[in-house]
Number of protein chains: 2
Amino acid sequence: MTRQQLIQNIKNKKSFLCVGLDSDMSKLPQCVLKYDEPIWEFNKRIIDSTYKYAIAYKPNVAFYESLGSKGWQALEKTVNYIRQVDPSIFIIADAKRGDIGNTSKQYAKAFFETMDFDAVTVAPYMGKDSVSPFLQFEGKWVILLALTSNEGAYDFQFIEHDNEHLYETVIKTSEKWGGNTDNMMYVVGATKAEMLSGIRQIIPDSFLLVPGVGAQGGSLAEVCKYGLNNDCGLIVNSSRGIIFASKDDNFDEVAGIKAMELRDEMKSYLNI
Amino acid sequence: MTRQQLIQNIKNKKSFLCVGLDSDMSKLPQCVLKYDEPIWEFNKRIIDSTYKYAIAYKPNVAFYESLGSKGWQALEKTVNYIRQVDPSIFIIADAKRGDIGNTSKQYAKAFFETMDFDAVTVAPYMGKDSVSPFLQFEGKWVILLALTSNEGAYDFQFIEHDNEHLYETVIKTSEKWGGNTDNMMYVVGATKAEMLSGIRQIIPDSFLLVPGVGAQGGSLAEVCKYGLNNDCGLIVNSSRGIIFASKDDNFDEVAGIKAMELRDEMKSYLNI
């Protein structure tokens with residue numbers, strides 16, 4: 001998907017909501033457990049009830065991988081289903097991969113060829129040749145970890161050198177690796193929204209994927225205040241706050257309502 | 001596997017060789033391509049011909065994942081087969097995973113419960129809560145990326161602050177996270193062997209997983225000179241130099257000879 005297509009979808013839906021399909025087997029509603037493939041059944045119903053309000057879905061691969069090859073089948077089916085329901089949706093593999101060049105190329109193939117994801121999250125520690133292979137696929141995106149939403153972010157990402165933090169160095173250095181705003185986005189956690197204004201000074205135009213709104217404590221208003229740019233420039237993810245809002249038989253309806261509420265709030269902040 | 005068991009296996013086999021099962025579909029010998037599951041057939045023959053000389057195997061997960069759920073099936077079968085052929089083998093998932101706490105736990109489950117790996121490589125960027133969940137499994141190991149063998153290592157791992165490099169900070173900080181020498185090892189690339197003496201000053205007792213010998217240009221002699229400790233303390237990986245040494249019908253025999261040669265060289269350096 002091109003940047004222009006993504007922006008158009010945001011305009012059309014008046015939303016920059018990403019629904020995180022962190023479909024943890026141990027948290028699924030009772031009513032889907034009777035099916036042969038509970039995660040797949042769950043995802044299908046969540047997608048049906050939320051796609052009108054969302055411009056992106058983000059399965060976190062860990063929840064599928066933990067089930068082995070069966071989990072991967074559920075992931076493959078989920079991606080295909082999203083494509084079928086709404087081809088304009090931006091599909092993100094939250095995989096946090098990264099390896100030496102010839103190996104990263106295999107990960108890129110996994111997500112961009114074997115499966116039809118639009119983007120994959122990548123960890124920066126191994127540097128340029130671990131990220132570049134993902135940037136070679138036309139219309140596909142890298143979303144690089146910059147400032148994550150978890151407590152452990154403080155262990156290394158805030159290390160200071162030459163008057164900047166490591167996460168700032170990661171952004172400045174990696175910006176030169178690809179077609180920047182055309183195939184690279186950054187993960188910036190909503191729990192650290194006040195740092196978004198500093199980040200916007202480095203990369204005013206880039207899209208940011210912002211997890212951590214809702215269950216992790218981040219505020220959508222704060223994220224928008226510091227993070228929105230002239231093209232929106234944000235994809236804000238909510239997972240548990242939507243998909244596990246209810247465990248009753250009508251969990252999908254409740255998820256749809258939660259997604260709609262977030263879309264409505266987003267609409268009020270959106271300037272495009 | 002406990003540290004003592006690992007050391008005993010090294011003593012028994014007079015080897016600290018890890019065979020990297022980077023079974024790239026596009027590089028497999030012609031003769032295995034006629035099978036339904038070429039990677040599985042290839043791995044089986046490589047394992048049969050090399051296990052006497054190796055104390056560890058390390059499939060890089062990317063080469064399996066790139067084939068989707070079928071690749072994961074090949075990975076599952078490979079792990080089970082190694083266990084069956086020689087239960088003393090240390091099996092490493094070279095996966096370079098890492099995510100926020102509740103998600104890393106799912107990755108840990110994938111490799112330690114759904115599959116029976118002994119260790120998984122983990123990326124440090126997201127800090128303590130992304131690594132800790134892997135340390136909660138009795139007898140299982142984290143192998144944390146410290147100093148990687150690739151060119152991109154120079155992008156961030158050598159960033160200097162407070163008179164130390166980022167990779168040194170990663171080692172010093174993470175050392176306090178687990179039972180250290182009992183469930184944590186570190187990746188240190190063979191291409192940067194001269195830095196091993198500095199690393200040995202920080203972590204004299206820890207095991208190091210050293211990739212990059214052979215095809216990537218690292219020297220075994222140099223690695224041993226700077227890296228060996230009183231318990232050996234090294235697991236040295238060779239992938240392409242063994243598994244793709246020949247593409248003829250007898251590729252497995254050639255792989256066996258290459259593994260034996262490396263074992264013989266290791267034996268000459270080994271002091272336990």
# chains A, B, ... in the order shown; residues from 1 in each chain; ligands from 1
$ residues_around --residues "range 107-109 of chain A" --least-positions-apart "2" --cutoff "8 Å" --atoms "only C-alpha atoms" --output "ChimeraX atom specification"
/A:97-98,103-105,111-114,133-134 /B:62-63,65-66
$ write_last_selection --atoms "C-alpha atoms" --output "tab-separated table (two decimals), in the first residue's frame"
chain	number	residue	atom	x	y	z
A	97	ARG	CA	11.95	-9.50	13.77
A	98	GLY	CA	15.49	-8.67	12.67
A	103	THR	CA	18.20	-14.12	7.17
A	104	SER	CA	16.11	-10.96	7.46
A	105	LYS	CA	15.32	-11.49	3.80
A	111	PHE	CA	5.41	-11.75	5.88
A	112	PHE	CA	5.37	-10.09	2.45
A	113	GLU	CA	5.29	-13.05	0.06
A	114	THR	CA	4.13	-16.21	1.84
A	133	PRO	CA	15.93	-6.49	3.29
A	134	PHE	CA	12.42	-5.57	4.45
B	62	ALA	CA	13.52	-17.42	9.57
B	63	PHE	CA	14.25	-20.19	7.06
B	65	GLU	CA	8.92	-19.23	8.88
B	66	SER	CA	9.42	-18.08	5.28
$ select_by_dssp --residues "range 19-240 of chain A" --states "strand (DSSP E or B)" --output "ChimeraX atom specification"
/A:19-20,56-58,60,90-97,119-122,141-147,160-161,164-165,184-188,208-210,213,218,229,232,234-238
$ write_last_selection --atoms "C-alpha atoms" --output "PDB file, in the first residue's frame"
ATOM      1  CA  VAL A  19      -7.231  -3.186  16.014  1.00  0.00           C
ATOM      2  CA  GLY A  20      -4.627  -5.401  17.665  1.00  0.00           C
ATOM      3  CA  ALA A  56      -5.501  -1.324  10.131  1.00  0.00           C
ATOM      4  CA  TYR A  57      -5.249  -4.673  11.895  1.00  0.00           C
ATOM      5  CA  LYS A  58      -2.210  -5.819  13.788  1.00  0.00           C
ATOM      6  CA  ASN A  60       0.859  -9.884  17.282  1.00  0.00           C
ATOM      7  CA  PHE A  90      -3.396  -1.962   6.209  1.00  0.00           C
ATOM      8  CA  ILE A  91      -2.275  -5.247   7.770  1.00  0.00           C
ATOM      9  CA  ILE A  92       0.658  -5.181  10.182  1.00  0.00           C
ATOM     10  CA  ALA A  93       2.577  -8.246  11.365  1.00  0.00           C
ATOM     11  CA  ASP A  94       3.673  -7.267  14.850  1.00  0.00           C
ATOM     12  CA  ALA A  95       6.619  -9.624  14.813  1.00  0.00           C
ATOM     13  CA  LYS A  96       9.588  -7.551  16.001  1.00  0.00           C
ATOM     14  CA  ARG A  97      11.947  -9.500  13.768  1.00  0.00           C
ATOM     15  CA  ALA A 119       4.053  -4.027   7.123  1.00  0.00           C
ATOM     16  CA  VAL A 120       6.146  -5.770   9.722  1.00  0.00           C
ATOM     17  CA  THR A 121       7.562  -4.430  12.974  1.00  0.00           C
ATOM     18  CA  VAL A 122      11.363  -4.763  13.130  1.00  0.00           C
ATOM     19  CA  TRP A 141       6.584  -1.133   5.032  1.00  0.00           C
ATOM     20  CA  VAL A 142       9.005  -1.502   7.920  1.00  0.00           C
ATOM     21  CA  ILE A 143       7.772  -0.258  11.274  1.00  0.00           C
ATOM     22  CA  LEU A 144      10.926   0.122  13.330  1.00  0.00           C
ATOM     23  CA  LEU A 145      10.905  -0.053  17.129  1.00  0.00           C
ATOM     24  CA  ALA A 146      11.963   3.352  18.403  1.00  0.00           C
ATOM     25  CA  LEU A 147      10.406   4.049  21.802  1.00  0.00           C
ATOM     26  CA  GLU A 160      22.303   9.201  26.527  1.00  0.00           C
ATOM     27  CA  HIS A 161      25.233   9.975  24.257  1.00  0.00           C
ATOM     28  CA  GLU A 164      20.636  12.454  22.501  1.00  0.00           C
ATOM     29  CA  HIS A 165      18.895   9.291  23.608  1.00  0.00           C
ATOM     30  CA  MET A 184       9.402   3.307   7.005  1.00  0.00           C
ATOM     31  CA  MET A 185       7.294   4.037  10.072  1.00  0.00           C
ATOM     32  CA  TYR A 186       8.222   3.999  13.750  1.00  0.00           C
ATOM     33  CA  VAL A 187       6.768   2.441  16.896  1.00  0.00           C
ATOM     34  CA  VAL A 188       6.295   5.036  19.630  1.00  0.00           C
ATOM     35  CA  LEU A 208       4.005   6.484  13.760  1.00  0.00           C
ATOM     36  CA  LEU A 209       2.428   3.295  15.027  1.00  0.00           C
ATOM     37  CA  VAL A 210       1.316   3.993  18.563  1.00  0.00           C
ATOM     38  CA  VAL A 213      -3.674   3.276  24.347  1.00  0.00           C
ATOM     39  CA  GLY A 218      -1.801   5.697  27.219  1.00  0.00           C
ATOM     40  CA  ASN A 229       0.740  15.940  11.507  1.00  0.00           C
ATOM     41  CA  CYS A 232      -2.610  12.475  10.184  1.00  0.00           C
ATOM     42  CA  LEU A 234      -0.614   8.273  13.253  1.00  0.00           C
ATOM     43  CA  ILE A 235      -1.874   4.730  13.414  1.00  0.00           C
ATOM     44  CA  VAL A 236      -3.107   4.155  16.943  1.00  0.00           C
ATOM     45  CA  ASN A 237      -3.500   0.600  18.138  1.00  0.00           C
ATOM     46  CA  SER A 238      -5.890  -0.790  20.692  1.00  0.00           C
TER      47      SER A 238
END
$ closest_residue --among "A:Gln30, A:Ser268, A:Thr191, A:Gln157" --to "chain B" --atoms "only C-alpha atoms"
A:Gln157
$ select_by_dssp --residues "range 11-232 of chain A" --states "alpha helix (DSSP H)" --output "ChimeraX atom specification"
/A:11-13,38-50,62-65,69-85,101-109,128-131,153-156,166-174,196-202,220-227
$ closest_residue --among "A:Ile46, A:Cys224, A:Leu67, A:Val131" --to "Asn102 in chain A" --atoms "only C-alpha atoms"
A:Val131
$ atom_distance --atom1 "CA of Gly233 in chain A" --atom2 "CA of Gly256 in chain A"
23.9 Å
$ atom_distance --atom1 "CA of Asp116 in chain A" --atom2 "CA of Phe207 in chain A"
20.4 Å
$ closest_residue --among "A:Phe156, A:Ser197, A:Asp264, A:Gln216" --to "Ala123 in chain B" --atoms "only C-alpha atoms"
A:Phe156
$ atom_distance --atom1 "CA of Met1 in chain A" --atom2 "CA of Phe137 in chain A"
10.8 Å
$ residues_around --residues "Ala245 in chain B" --least-positions-apart "4" --cutoff "8 Å" --atoms "only C-alpha atoms" --output "list of chain:residue names"
B:Arg240, B:Gly241, B:Phe251, B:Val254, B:Ala255, B:Lys258
